[in-house]
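Structure record follows, encoded as structure tokens.
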Amino acid sequence: MLRQCFKPLPRYGSRLPGRVPSRAMATEAAAPHEAGLADPTAYCRDLVRKRDYESYLIGSFYPRHIQGAFFALRAFYVELASVQDTVSNAMIGKMRMQFWRDAIKGIADGRPPRHPIALALHDAQQRANLPSYHLRRIIDARDAELHAPTHLTLESLTAHAESTSSTFLYLLLSLLNLSSSSTLSHAASHLGVAQGIHVLLRALPYHASKGRMVIPAEITARHGVRQEDVFRRGGDADGISDAVFEFATVANDNLLTAREMVKQSGGDGGKVPQVAMPAFLYGIPTRDYLGRLETVNFDAFQPSLQLRDWKLPWRIWRGYYKRDF
């Protein structure tokens, strides 16, 4: 029987595929393409288009003069998120992370390395005040992930989401010159957690195929889930749909909290300020995925959840102009 726990949200269509990086698409930090060096902004835009479709759609809603900065930030984020799956061992991964730490320091000093993403980030720094500590926080979180890719507790996973997804949203608020708003920052924190869980659930079949369980152990243990069973049987494993249900509920609660924080701010008719809406468009794919997950009774292994939503461009457009996520 379908669980009825989520508060009603506008229903959307099918899912984007999990953004699962492949070795062939990975950007090599030490050997960027010469074409990318010639036009770093175009390189970043193309990287996001190929590896993060929903972000590519969202990018078009940023003011033209900072669109390049958005794609630079997202390319940086995608690059770091892909390291775990594009290196043969943790030591090589740590070397990649150190490259980016050095790159961020070089960018702050006006000496970016010859890497298209680093050059694009340097240009972005000239256009907006992008705190380097946010960039370093994402690097540190991805570095820690190399050695501890799974989480025992929900608290640990939430902290990781805040250090990655939420911190990226803080950077977007800085890009939009809105970082001084505590209400928007708090809403972005909750939206980042919801988005982080959404991405993990969408990629659960991929991670399971690699022998990784992305749902915190305290949740799977509560429902009697055996990880080896999930790796072998996928959605047919005992208790997995109940664990997915609980994990998805956490994402939904954070999404609703983010929306309520904006509404209760008392300004602009309870809607997201138009100038801030680009940063909060990430809530639309998250809301969409959670709704579809509910319709398949929380079977995250359903192939339909991996289909790209051909209506997503229109839905993002509508959310932008209605100022709602």
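As shown in the structure tokens, the chain order sets the letters A, B, ...; within each chain, residues go from 1, and ligands are also counted from 1 in the order they appear.
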Proximity check segment 63-146 of chain A to segment 168-172 of chain A, 12 Å, nearest pairs one decimal Å, only C-alpha atoms, as a tab-separated table:
residue	atom	partner	partner_atom	distance
A:Ile66	CA	A:Leu172	CA	10.4
A:Gln67	CA	A:Leu172	CA	11.0
A:Ala69	CA	A:Leu172	CA	9.4
A:Phe70	CA	A:Leu172	CA	7.4
A:Phe71	CA	A:Leu172	CA	10.7
A:Ala72	CA	A:Leu172	CA	11.2
A:Leu73	CA	A:Phe168	CA	8.1
A:Arg74	CA	A:Phe168	CA	8.3
A:Ala75	CA	A:Phe168	CA	11.4
A:Phe76	CA	A:Phe168	CA	10.1
A:Tyr77	CA	A:Phe168	CA	7.7
A:Val78	CA	A:Phe168	CA	10.8
A:Leu80	CA	A:Phe168	CA	11.9
A:Ala81	CA	A:Phe168	CA	12.0
A:Leu121	CA	A:Leu171	CA	11.9
A:Ala124	CA	A:Leu171	CA	11.2
A:Gln125	CA	A:Leu171	CA	11.2
A:Ala128	CA	A:Leu171	CA	9.9
A:Asn129	CA	A:Leu171	CA	9.1
A:Leu130	CA	A:Leu171	CA	6.3
A:Pro131	CA	A:Leu171	CA	7.4
A:Ser132	CA	A:Leu171	CA	9.4
A:Tyr133	CA	A:Leu171	CA	10.0
A:His134	CA	A:Leu171	CA	6.8
A:Leu135	CA	A:Phe168	CA	8.1
A:Arg136	CA	A:Phe168	CA	11.0
A:Arg137	CA	A:Phe168	CA	9.6
A:Ile138	CA	A:Phe168	CA	7.8
A:Ile139	CA	A:Phe168	CA	11.2
A:Ala141	CA	A:Phe168	CA	11.9
Just write the chosen residues, N, CA and C atoms, as an mmCIF file, in the first residue's frame.
data_model
loop_
_atom_site.group_PDB
_atom_site.id
_atom_site.type_symbol
_atom_site.label_atom_id
_atom_site.label_comp_id
_atom_site.auth_asym_id
_atom_site.auth_seq_id
_atom_site.Cartn_x
_atom_site.Cartn_y
_atom_site.Cartn_z
ATOM 1 N N ILE A 66 26.543 37.135 -15.089
ATOM 2 C CA ILE A 66 27.130 36.187 -14.130
ATOM 3 C C ILE A 66 26.842 34.731 -14.511
ATOM 4 N N GLN A 67 26.305 34.499 -15.689
ATOM 5 C CA GLN A 67 26.059 33.114 -16.116
ATOM 6 C C GLN A 67 27.361 32.330 -16.192
ATOM 7 N N ALA A 69 29.976 32.751 -14.438
ATOM 8 C CA ALA A 69 30.411 32.461 -13.069
ATOM 9 C C ALA A 69 29.624 31.286 -12.499
ATOM 10 N N PHE A 70 28.324 31.227 -12.799
ATOM 11 C CA PHE A 70 27.524 30.088 -12.333
ATOM 12 C C PHE A 70 28.069 28.780 -12.894
ATOM 13 N N PHE A 71 28.336 28.744 -14.196
ATOM 14 C CA PHE A 71 28.821 27.509 -14.802
ATOM 15 C C PHE A 71 30.224 27.158 -14.302
ATOM 16 N N ALA A 72 31.027 28.155 -13.971
ATOM 17 C CA ALA A 72 32.341 27.878 -13.394
ATOM 18 C C ALA A 72 32.192 27.211 -12.030
ATOM 19 N N LEU A 73 31.298 27.745 -11.203
ATOM 20 C CA LEU A 73 31.078 27.170 -9.879
ATOM 21 C C LEU A 73 30.519 25.755 -9.985
ATOM 22 N N ARG A 74 29.569 25.551 -10.893
ATOM 23 C CA ARG A 74 28.967 24.221 -10.995
ATOM 24 C C ARG A 74 29.952 23.211 -11.575
ATOM 25 N N ALA A 75 30.766 23.646 -12.546
ATOM 26 C CA ALA A 75 31.776 22.741 -13.094
ATOM 27 C C ALA A 75 32.761 22.329 -12.007
ATOM 28 N N PHE A 76 33.145 23.266 -11.166
ATOM 29 C CA PHE A 76 34.017 22.968 -10.019
ATOM 30 C C PHE A 76 33.355 21.931 -9.116
ATOM 31 N N TYR A 77 32.080 22.122 -8.821
ATOM 32 C CA TYR A 77 31.344 21.207 -7.945
ATOM 33 C C TYR A 77 31.251 19.814 -8.560
ATOM 34 N N VAL A 78 30.910 19.746 -9.842
ATOM 35 C CA VAL A 78 30.784 18.460 -10.529
ATOM 36 C C VAL A 78 32.131 17.752 -10.585
ATOM 37 N N LEU A 80 34.665 17.945 -8.509
ATOM 38 C CA LEU A 80 35.018 17.370 -7.212
ATOM 39 C C LEU A 80 34.155 16.156 -6.888
ATOM 40 N N ALA A 81 32.866 16.227 -7.214
ATOM 41 C CA ALA A 81 31.964 15.109 -6.918
ATOM 42 C C ALA A 81 32.337 13.858 -7.697
ATOM 43 N N LEU A 121 36.926 30.080 -12.668
ATOM 44 C CA LEU A 121 36.677 30.510 -11.291
ATOM 45 C C LEU A 121 37.367 31.839 -10.998
ATOM 46 N N ALA A 124 35.295 34.425 -12.365
ATOM 47 C CA ALA A 124 34.104 34.602 -11.532
ATOM 48 C C ALA A 124 34.412 35.435 -10.294
ATOM 49 N N GLN A 125 35.597 35.240 -9.727
ATOM 50 C CA GLN A 125 35.999 36.009 -8.551
ATOM 51 C C GLN A 125 36.115 37.496 -8.856
ATOM 52 N N ALA A 128 32.240 38.714 -8.719
ATOM 53 C CA ALA A 128 31.442 38.595 -7.497
ATOM 54 C C ALA A 128 32.345 38.219 -6.332
ATOM 55 N N ASN A 129 31.855 38.509 -5.146
ATOM 56 C CA ASN A 129 32.602 38.154 -3.940
ATOM 57 C C ASN A 129 32.247 36.716 -3.564
ATOM 58 N N LEU A 130 33.078 35.787 -3.982
ATOM 59 C CA LEU A 130 32.840 34.369 -3.706
ATOM 60 C C LEU A 130 33.800 33.918 -2.615
ATOM 61 N N PRO A 131 33.306 33.721 -1.405
ATOM 62 C CA PRO A 131 34.197 33.372 -0.283
ATOM 63 C C PRO A 131 34.998 32.097 -0.550
ATOM 64 N N SER A 132 36.295 32.197 -0.437
ATOM 65 C CA SER A 132 37.153 31.029 -0.672
ATOM 66 C C SER A 132 36.897 29.925 0.340
ATOM 67 N N TYR A 133 36.443 30.298 1.552
ATOM 68 C CA TYR A 133 36.243 29.259 2.560
ATOM 69 C C TYR A 133 35.095 28.334 2.178
ATOM 70 N N HIS A 134 34.116 28.813 1.394
ATOM 71 C CA HIS A 134 33.064 27.923 0.910
ATOM 72 C C HIS A 134 33.640 26.911 -0.077
ATOM 73 N N LEU A 135 34.507 27.376 -0.958
ATOM 74 C CA LEU A 135 35.133 26.474 -1.923
ATOM 75 C C LEU A 135 35.992 25.429 -1.212
ATOM 76 N N ARG A 136 36.750 25.880 -0.205
ATOM 77 C CA ARG A 136 37.598 24.941 0.546
ATOM 78 C C ARG A 136 36.757 23.952 1.341
ATOM 79 N N ARG A 137 35.618 24.393 1.830
ATOM 80 C CA ARG A 137 34.752 23.488 2.603
ATOM 81 C C ARG A 137 34.247 22.346 1.726
ATOM 82 N N ILE A 138 33.905 22.646 0.500
ATOM 83 C CA ILE A 138 33.467 21.593 -0.421
ATOM 84 C C ILE A 138 34.614 20.628 -0.707
ATOM 85 N N ILE A 139 35.808 21.168 -0.926
ATOM 86 C CA ILE A 139 36.973 20.305 -1.169
ATOM 87 C C ILE A 139 37.213 19.388 0.014
ATOM 88 N N ALA A 141 35.144 18.333 2.283
ATOM 89 C CA ALA A 141 34.085 17.325 2.405
ATOM 90 C C ALA A 141 34.272 16.204 1.392
#
Could you tell me, as a VMD selection string, which residues of segment 56-265 of chain A DSSP assigns to helix (DSSP H, G or I) when given the backbone? chain A and resid 56 to 59 64 to 86 90 to 108 116 to 127 132 to 147 154 to 175 182 to 202 204 to 209 217 to 222 227 to 236 240 to 263
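Near Ala208 of chain A, within a cut-off of 9 Å and counting only C-alpha atoms, sit the residues Ala203, Leu204, Pro205, Tyr206, Lys210, Gly211, Arg212, Met213, Val214, Gln227, Val230, Phe231, Arg232 and Gly234 of chain A, with same-chain residues fewer than 2 positions away left out.
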Would you pick out the contacts of segment 191-196 of chain A at 8 Å or less, using only C-alpha atoms, so that residues sharing its chain but fewer than 2 positions from it are not included, and give the list as a PyMOL selection string? chain A and resi 158+161-162+164-167+169+187-189+198-200+250-255+258+280+282-283+286
Mind dumping a table of every segment 109-168 of chain A residue within 12 Å of segment 39-54 of chain A, with the nearest atom pair and its distance in Å to one decimal, using only C-alpha atoms, sorted by chain and rising number, as JSON lines?
{"residue": "A:Arg114", "atom": "CA", "partner": "A:Pro40", "partner_atom": "CA", "distance": 10.0}
{"residue": "A:His115", "atom": "CA", "partner": "A:Pro40", "partner_atom": "CA", "distance": 8.1}
{"residue": "A:Pro116", "atom": "CA", "partner": "A:Pro40", "partner_atom": "CA", "distance": 4.5}
{"residue": "A:Ile117", "atom": "CA", "partner": "A:Pro40", "partner_atom": "CA", "distance": 6.3}
{"residue": "A:Ala118", "atom": "CA", "partner": "A:Pro40", "partner_atom": "CA", "distance": 8.3}
{"residue": "A:Leu119", "atom": "CA", "partner": "A:Pro40", "partner_atom": "CA", "distance": 6.3}
{"residue": "A:Ala120", "atom": "CA", "partner": "A:Pro40", "partner_atom": "CA", "distance": 5.3}
{"residue": "A:Leu121", "atom": "CA", "partner": "A:Thr41", "partner_atom": "CA", "distance": 9.0}
{"residue": "A:His122", "atom": "CA", "partner": "A:Pro40", "partner_atom": "CA", "distance": 10.2}
{"residue": "A:Asp123", "atom": "CA", "partner": "A:Thr41", "partner_atom": "CA", "distance": 8.9}
{"residue": "A:Ala124", "atom": "CA", "partner": "A:Thr41", "partner_atom": "CA", "distance": 9.6}
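Candidate residues A:Glu260, A:Glu145, A:Asp324, A:Asp236 were compared for distance to Met277 of chain A, and the nearest is A:Asp324, using only C-alpha atoms.
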List as a list in words the protein and nucleic acid residues near Leu57 of chain A, meaning an atom at most 10 Å away when only C-alpha atoms are counted, but skip any in the same chain fewer than 6 places from it. Val48, Arg49, Leu281, Leu312, Pro313, Trp314, Ile316 and Trp317 of chain A
Output C-alpha atoms for every residue in that selection, as an mmCIF file, in the first residue's frame.
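Output saved as again-v6.cif:
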data_model
loop_
_atom_site.group_PDB
_atom_site.id
_atom_site.type_symbol
_atom_site.label_atom_id
_atom_site.label_comp_id
_atom_site.auth_asym_id
_atom_site.auth_seq_id
_atom_site.Cartn_x
_atom_site.Cartn_y
_atom_site.Cartn_z
ATOM 1 C CA VAL A 48 27.780 21.010 -17.015
ATOM 2 C CA ARG A 49 25.628 20.357 -20.085
ATOM 3 C CA LEU A 281 15.393 26.480 -8.633
ATOM 4 C CA LEU A 312 11.705 19.802 -16.845
ATOM 5 C CA PRO A 313 12.722 22.924 -18.837
ATOM 6 C CA TRP A 314 9.134 24.176 -18.747
ATOM 7 C CA ILE A 316 11.885 25.224 -14.146
ATOM 8 C CA TRP A 317 10.686 28.162 -16.255
#
Show me, as a PDB file with C-alpha atoms, in the first residue's frame, the residues that have an atom within 9 Å of Ser241 of chain A when counting only C-alpha atoms, minus same-chain residues fewer than 6 positions from it.
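File produced: part-v3.pdb:
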ATOM      1  CA  GLY A 235      14.633  -3.170  -4.921  1.00  0.00           C
ATOM      2  CA  ASN A 297       5.916   3.107  -3.539  1.00  0.00           C
ATOM      3  CA  PHE A 298       9.497   4.121  -2.737  1.00  0.00           C
ATOM      4  CA  ASP A 299      11.176   1.592  -4.982  1.00  0.00           C
ATOM      5  CA  ALA A 300      14.293   3.603  -5.839  1.00  0.00           C
TER       6      ALA A 300
END
Have a look at atom CA of Ile215 of chain A and atom CA of Arg96 of chain A and let me know their distance in Å, one decimal. 26.3 Å
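The nearest approach to Asp229 of chain A among the residues A:Asp102, A:Met261, A:Ser209, A:Met95, with only C-alpha atoms taken into account, belongs to A:Ser209.
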